Structure formats: structure tokens, C-alpha cells
Amino acid sequence: MNTDPISRRSFVRLLAVAAPAAATAMCAPAQTAASPSATASVPSASSVPTAAPAAIVGTARPAVIRSFGPNGTHWPAHTPWIGDAVTTVEVDCTWAAIRTALLAVTASKAAAGVHIKVRPGTLPGLGASSGSKAVLQGLGSAQWSKNVLVSPRDGWGSVVITEPARLREVYGVTFARINGVDVLLTNCTRSAWAQSTMSDGLSMASSYGATTRECGAYEIVMSNAKSDISDPLGYAAGADCVLIDSVWDGCYSAPVFRPTGATDHVDTIQMYGSGWYRGLTVRDTTFFGSLNCALQIGGMRSDDPNKGTPFLVLDHSIITSQATAIKARYPTPADADTPQLAQAINGIGEDFQLYAKDSYIFGSMYRSKWGGVSNTKVSYAEATTRNPVASGRWTYDSSMNSWGASQFDALVPTPTDAYLKSIWK
């Protein structure tokens with residue numbers, strides 16, 4: 001078996017080449033949502049996120065409030081809410097202490113609810129590439145009926161990972177309200193990261209011959225635009241590996257601009273790899289476009305064992321080109337290239353296994369073929385002919401091309417620290 005890591009084209013994160021993996025069937029998560037109006041340029045008030053929903057106050061798990069980004073209510077269903085766990089364990093702010101606490105969890109304790117509370121402090125990182133040593137490895141269980149919750153004892157902002165970090169084969173654990181630089185989750189089936197900021201990004205990967213599924217990002221926020229050559233968000237499968245059944249829910253990413261003189265393509269989130277990746281749901285999320293696009297979906301290998309199952313689901317989300325991001329919220333930095341494309345989505349995925357509902361797409365799409373589209377507005381006139389749909393249709397709205405800050409501010413608040421502090425409590 002060859003476990004040497006391979007590099008992506010912008011020299012960033014991930015994978016490892018490995019032995020063949022077993023394939024698994026996929027089921028796409030679904031929720032209902034208030035739909036964008038077919039005739040109005042701005043959705044009704046019911047679909048506009050609330051700055052601080054009353055539901056998040058107190059210890060009860062909040063009902064999900066549909067939004068186009070974080071609002072404090074997106075949380076993995078299999079994880080105890082803050083204050084709900086039967087067993088609480090307080091630990092020092094070290095990876096060793098967190099590891100020791102996770103090793104002590106039994107299936108019965110996990111089923112009742114376990115919350116590991118981390119005292120204030122900083123955690124180091126050892127890198128977030130495929131060759132980096134993992135700060136945590138070989139912990140938890142994907143068979144636990146509930147995830148173990150790991151979060152700061154003193155709330156959001158009191159625990160910070162100060163360097164890029166990688167977790168490998170950590171199963172059934174949700175890390176919440178722990179901010180970081182760049183986090184890579186490798187083979188972390190049934191694990192999640194929730195309600196946290198990342199300055200550089202977060203990625204999910206399947207490597208070393210693994211089948212990885214049900215990995216989750218809930219209200220992960222990268223709110224500061226920057227100039228860089230790296231894609232901030234990744235979804236990647238190494239050779240003979242499967243990555244499936246995963247979600248970005250209630251998330252937000254600012255654009256990444258390419259530095260002047262660089263030649264790299266830059267995408268806000270990219271699906272890629274030499275293995276089999278699919279089954280990604282982007283829900284209640286806003287991704288502002290980087291230089292190439294906001295969402296690079298890649299394509300399907302002909303030998304994909306899960307061929308014929310949903311490749312991508314866009315559910316109540318906003319996807320924009322970088323040209324739109326510049327008009328809406330993020331002026332081009334002085335040291336960055338100006339985008340030549342107004343592209344929101346690139347790649348083809350699998351023909352007629354792409355789905356969109358209740359969403360907004362600002363910019364062009366590659367010649368992808370969609371299985372189902374409902375209540376989804378596009379600013380791209382050619383979508384109706386260039387991007388065929390098996391069921392439903394695109395709603396072209398020419399007014400979207402003139403949207404600016406005021407329209408976006410009404411739809412998705414900028415997730416400032418003050419805003420996040422008000423919702424993550």
C-alpha cells in the first residue's frame with residue numbers, strides 16, 4: 001500500500017493514495033424551507049435570518065431557523081446540545097487531556113450524552129496537510145448512538161487552535177465553538193465541527209483506503225476576505241477511497257482573491273481527488289466566490305461504485321461569483337487580480353445527479369446537467385438552455401445582476417464577532 005500524500009494543484013492540503021475501499025450507499029439529507037419568491041427579487045421576511053433568535057437563549061436545543069448562514073440554530077442532530085449531556089467532564093486545554101477524556105467514553109455513556117468541557121486556553125497544531133501528524137487520532141466510535149460533544153467550558157472564543165491542525169480517524173465526536181486557523185478532518189466518519197470561526201479554512205478528506213461518511217460542518221465561518229492561492233474549503237477523496245453523505249450546514253465563507261502574479265485557480269469550496277467523492281449537501285449556507293468560482297464540483301469517475309446517487313444538493317443557499325462578491329461586500333484588495341470570469345459553479349459532477357432548491361446562484365455555471373431544480377433563482381440567462389434540468393426549472397431573474405450591498409445585507413448578515421457572540425451562547 002502506498003501512503004505517500006499527494007498534493008492538490010494549489011499546494012494545499014490533503015490526501016493520501018491508499019488501498020481499495022468498500023463502497024457505501026448514499027442518502028441525501030433534506031429539510032423544508034421557505035422558498036425564494038418566483039416574482040420578487042428579495043425573499044419574504046420569513047426567509048431572512050434573525051440576528052439573535054430567541055430560540056438560542058437558555059439550555060434547550062433550538063429549533064432550526066432556516067437562513068443563509070449562521071444564526072445559532074444549526075447543530076448536528078446526533079450531538080447533545082450545550083447543557084443537555086448527562087455526563088460532563090472538565091479537562092485542561094491540551095490535546096492530551098481531550099484524548100484521555102475521549103478514551104474513557106463508553107457506548108452507554110455516549111448514548112446518555114457526554115460533554116467534555118475544555119478550560120480556557122490555546123491548542124497547538126502540527127499542520128493541516130495529508131502528511132501532517134494528527135493532533136488526535138484513533139478515537140471514538142461511529143457506532144455510538146450519540147456524538148460526544150467537545151467544547152469550551154467558558155463558551156465561544158475561550159479556546160483557540162493557534163496553528164493548522166489535522167484530526168485523523170476520530171469517530172462520533174463533535175467539536176464546537178473552538179476557533180481555528182485551518183482544520184483537516186481525515187477519515188472522520190460521523191464527526192463534526194460546529195459554530196466556530198476558521199481564519200484559513202476547513203476540509204474533509206477520505207484517505208488510506210477508507211470509506212468516510214456523515215462528516216459535518218455546522219455554522220463554520222470564514223468571514224474575512226484575503227489574498228491567497230489556497231482554496232479555504234475542501235471535500236476530497238484519495239485513490240480508492242470513498243467520501244460521501246456529508247454536509248455544510250449554516251456556513252459562511254468570504255471570497256479568496258488571487259495575489260497578483262500568481263497563476264493558481266482558487267475556489268471557495270472544491271470537491272476533488274482521485275477517489276470517489278459525492279453526496280455533498282450545502283444547506284442554509286452562503287459561499288461568496290473566489291477567483292475561479294464559489295463551488296467547484298469536479299466530476300465523476302466512470303467506475304464510481306455509487307454512480308446514480310445524488311452528487312450534490314444545494315438547499316436554501318447562496319452561491320456567487322467573485323464579481324458578485326466584489327459588488328456585494330468584498331472590494332478587490334490592492335494586491336489581487338480582478339476576476340475575468342463571473343462564474344459561480346464549475347465542474348459537471350454527475351449528469352442529472354445535481355439538485356437545487358430554494359437557492360440563489362449569482363453567476364454562470366459550467367455545462368452541468370441537473371436532476372431537479374425548484375424555486376431557485378439564477379442571474380445567468382443561459383442557465384435555462386446551457387444547464388438542462390430533468391425535473392423543474394431555473395428561474396432567471398435579470399435584476400440579480402444589479403444587486404449590491406443592501407440586497408445582500410437584507411438576506412445574509414455579515415458574521416462579525418459581535419453577531420457571532422450574540423448567537424453562539
# chains A, B, ... in the order shown; residues from 1 in each chain; ligands from 1

call {"tool": "residues_around", "arguments": {"residues": "Gly216 of chain A", "least_positions_apart": "5", "cutoff": "7 Å", "atoms": "only C-alpha atoms", "output": "PyMOL selection string"}}
result
chain A and resi 191-193+246-248

call {"tool": "write_last_selection", "arguments": {"atoms": "all heavy atoms", "output": "PDB file, in the first residue's frame"}}
result
ATOM      1  N   SER A 191     -18.220  12.412  12.534  1.00  0.00           N
ATOM      2  CA  SER A 191     -17.735  13.515  13.363  1.00  0.00           C
ATOM      3  C   SER A 191     -18.111  14.846  12.724  1.00  0.00           C
ATOM      4  O   SER A 191     -18.464  14.911  11.549  1.00  0.00           O
ATOM      5  CB  SER A 191     -16.226  13.432  13.581  1.00  0.00           C
ATOM      6  OG  SER A 191     -15.906  12.431  14.538  1.00  0.00           O
ATOM      7  N   ALA A 192     -18.056  15.915  13.513  1.00  0.00           N
ATOM      8  CA  ALA A 192     -18.491  17.222  13.032  1.00  0.00           C
ATOM      9  C   ALA A 192     -17.714  18.327  13.726  1.00  0.00           C
ATOM     10  O   ALA A 192     -17.137  18.125  14.802  1.00  0.00           O
ATOM     11  CB  ALA A 192     -19.993  17.406  13.280  1.00  0.00           C
ATOM     12  N   TRP A 193     -17.737  19.499  13.079  1.00  0.00           N
ATOM     13  CA  TRP A 193     -17.206  20.729  13.700  1.00  0.00           C
ATOM     14  C   TRP A 193     -18.320  21.752  13.608  1.00  0.00           C
ATOM     15  O   TRP A 193     -18.941  21.903  12.557  1.00  0.00           O
ATOM     16  CB  TRP A 193     -15.954  21.218  12.976  1.00  0.00           C
ATOM     17  CG  TRP A 193     -15.022  21.947  13.903  1.00  0.00           C
ATOM     18  CD1 TRP A 193     -15.158  23.219  14.384  1.00  0.00           C
ATOM     19  CD2 TRP A 193     -13.813  21.426  14.471  1.00  0.00           C
ATOM     20  NE1 TRP A 193     -14.114  23.533  15.217  1.00  0.00           N
ATOM     21  CE2 TRP A 193     -13.271  22.453  15.299  1.00  0.00           C
ATOM     22  CE3 TRP A 193     -13.141  20.216  14.372  1.00  0.00           C
ATOM     23  CZ2 TRP A 193     -12.085  22.293  16.007  1.00  0.00           C
ATOM     24  CZ3 TRP A 193     -11.967  20.052  15.077  1.00  0.00           C
ATOM     25  CH2 TRP A 193     -11.444  21.085  15.885  1.00  0.00           C
ATOM     26  N   SER A 246     -22.152  13.843   3.356  1.00  0.00           N
ATOM     27  CA  SER A 246     -21.658  14.855   4.288  1.00  0.00           C
ATOM     28  C   SER A 246     -22.314  16.199   4.022  1.00  0.00           C
ATOM     29  O   SER A 246     -22.945  16.398   2.979  1.00  0.00           O
ATOM     30  CB  SER A 246     -20.134  14.949   4.202  1.00  0.00           C
ATOM     31  OG  SER A 246     -19.545  13.704   4.566  1.00  0.00           O
ATOM     32  N   VAL A 247     -22.147  17.142   4.956  1.00  0.00           N
ATOM     33  CA  VAL A 247     -22.942  18.372   4.885  1.00  0.00           C
ATOM     34  C   VAL A 247     -22.150  19.585   5.347  1.00  0.00           C
ATOM     35  O   VAL A 247     -21.323  19.507   6.260  1.00  0.00           O
ATOM     36  CB  VAL A 247     -24.223  18.224   5.748  1.00  0.00           C
ATOM     37  CG1 VAL A 247     -23.899  18.071   7.232  1.00  0.00           C
ATOM     38  CG2 VAL A 247     -25.193  19.383   5.542  1.00  0.00           C
ATOM     39  N   TRP A 248     -22.373  20.708   4.663  1.00  0.00           N
ATOM     40  CA  TRP A 248     -22.046  22.046   5.152  1.00  0.00           C
ATOM     41  C   TRP A 248     -23.392  22.705   5.444  1.00  0.00           C
ATOM     42  O   TRP A 248     -24.192  22.921   4.533  1.00  0.00           O
ATOM     43  CB  TRP A 248     -21.284  22.841   4.095  1.00  0.00           C
ATOM     44  CG  TRP A 248     -19.822  23.009   4.364  1.00  0.00           C
ATOM     45  CD1 TRP A 248     -19.226  24.076   4.935  1.00  0.00           C
ATOM     46  CD2 TRP A 248     -18.760  22.102   4.032  1.00  0.00           C
ATOM     47  NE1 TRP A 248     -17.862  23.889   4.997  1.00  0.00           N
ATOM     48  CE2 TRP A 248     -17.550  22.694   4.455  1.00  0.00           C
ATOM     49  CE3 TRP A 248     -18.712  20.842   3.440  1.00  0.00           C
ATOM     50  CZ2 TRP A 248     -16.321  22.073   4.292  1.00  0.00           C
ATOM     51  CZ3 TRP A 248     -17.494  20.224   3.282  1.00  0.00           C
ATOM     52  CH2 TRP A 248     -16.317  20.839   3.701  1.00  0.00           C
TER      53      TRP A 248
END

call {"tool": "residues_around", "arguments": {"residues": "Ala344 of chain A", "least_positions_apart": "3", "cutoff": "10 Å", "atoms": "only C-alpha atoms", "output": "count of residues only"}}
result
27

call {"tool": "closest_residue", "arguments": {"among": "A:Cys215, A:Thr106, A:Gly261, A:Trp156", "to": "Ala418 of chain A", "atoms": "only C-alpha atoms"}}
result
A:Trp156

call {"tool": "select_by_dssp", "arguments": {"residues": "segment 221-266 of chain A", "states": "strand (DSSP E or B)", "output": "VMD selection string"}}
result
chain A and resid 221 to 222 226 to 227 233 to 237 242 to 244 246 to 249 252 to 253 256 to 257 259

call {"tool": "write_last_selection", "arguments": {"atoms": "C-alpha atoms", "output": "short mmCIF file (atom, residue, chain, number, x, y, z; two decimals), in the first residue's frame"}}
result
data_model
loop_
_atom_site.label_atom_id
_atom_site.label_comp_id
_atom_site.auth_asym_id
_atom_site.auth_seq_id
_atom_site.Cartn_x
_atom_site.Cartn_y
_atom_site.Cartn_z
CA VAL A 221 -17.49 30.78 9.37
CA MET A 222 -14.59 32.25 7.43
CA LYS A 226 -7.95 37.64 1.81
CA SER A 227 -5.41 37.16 -0.96
CA LEU A 233 -12.79 24.62 2.00
CA GLY A 234 -12.23 21.12 0.64
CA TYR A 235 -14.07 17.83 0.11
CA ALA A 236 -11.63 15.26 -1.19
CA ALA A 237 -11.17 11.53 -1.69
CA VAL A 242 -14.93 6.99 -0.76
CA LEU A 243 -16.21 10.28 0.68
CA ILE A 244 -19.98 10.50 0.86
CA SER A 246 -21.66 14.86 4.29
CA VAL A 247 -22.94 18.37 4.89
CA TRP A 248 -22.05 22.05 5.15
CA ASP A 249 -25.00 23.49 7.11
CA TYR A 252 -20.45 31.21 5.53
CA SER A 253 -17.30 31.96 3.58
CA VAL A 256 -10.36 34.38 -1.55
CA PHE A 257 -8.62 36.67 -4.07
CA PRO A 259 -2.46 37.52 -5.44
#

call {"tool": "residues_around", "arguments": {"residues": "segment 383-400 of chain A", "least_positions_apart": "2", "cutoff": "6 Å", "atoms": "only C-alpha atoms", "output": "PyMOL selection string"}}
result
chain A and resi 367-374+376-381+402-403

call {"tool": "select_by_dssp", "arguments": {"residues": "segment 91-154 of chain A", "states": "alpha helix (DSSP H)", "output": "PDB file with C-alpha atoms, in the first residue's frame"}}
result
ATOM      1  CA  TRP A  95      -4.878  17.636  23.198  1.00  0.00           C
ATOM      2  CA  ALA A  96      -3.596  15.020  25.651  1.00  0.00           C
ATOM      3  CA  ALA A  97      -6.330  15.852  28.155  1.00  0.00           C
ATOM      4  CA  ILE A  98      -9.019  15.764  25.451  1.00  0.00           C
ATOM      5  CA  ARG A  99      -7.691  12.422  24.228  1.00  0.00           C
ATOM      6  CA  THR A 100      -7.747  10.930  27.732  1.00  0.00           C
ATOM      7  CA  ALA A 101     -11.340  12.041  28.230  1.00  0.00           C
ATOM      8  CA  LEU A 102     -12.429  10.553  24.894  1.00  0.00           C
ATOM      9  CA  LEU A 103     -10.738   7.238  25.677  1.00  0.00           C
ATOM     10  CA  ALA A 107     -21.055   3.293  24.290  1.00  0.00           C
ATOM     11  CA  SER A 108     -23.536   3.508  27.166  1.00  0.00           C
ATOM     12  CA  LYS A 109     -22.151   6.845  28.365  1.00  0.00           C
ATOM     13  CA  ALA A 110     -22.224   8.225  24.821  1.00  0.00           C
ATOM     14  CA  ALA A 111     -25.848   7.132  24.435  1.00  0.00           C
ATOM     15  CA  ALA A 112     -26.801   9.048  27.585  1.00  0.00           C
TER      16      ALA A 112
END

call {"tool": "residues_around", "arguments": {"residues": "Ala262 of chain A", "least_positions_apart": "2", "cutoff": "10 Å", "atoms": "only C-alpha atoms", "output": "PyMOL selection string"}}
result
chain A and resi 228-229+258-260+264-265+336-337

call {"tool": "closest_residue", "arguments": {"among": "A:Leu167, A:Met271, A:Val181, A:Ala217", "to": "Gly238 of chain A", "atoms": "only C-alpha atoms"}}
result
A:Met271

call {"tool": "closest_residue", "arguments": {"among": "A:Asn401, A:Val91, A:Arg278, A:Asn147", "to": "Ile348 of chain A", "atoms": "only C-alpha atoms"}}
result
A:Arg278

call {"tool": "closest_residue", "arguments": {"among": "A:Ser359, A:Ser302, A:Gln343, A:Ser151", "to": "Val282 of chain A", "atoms": "only C-alpha atoms"}}
result
A:Ser359

call {"tool": "residues_around", "arguments": {"residues": "segment 408-414 of chain A", "least_positions_apart": "2", "cutoff": "6 Å", "atoms": "only C-alpha atoms", "output": "list in words"}}
result
Val48, Phe68, Ala405, Ser406 and Thr416 of chain A
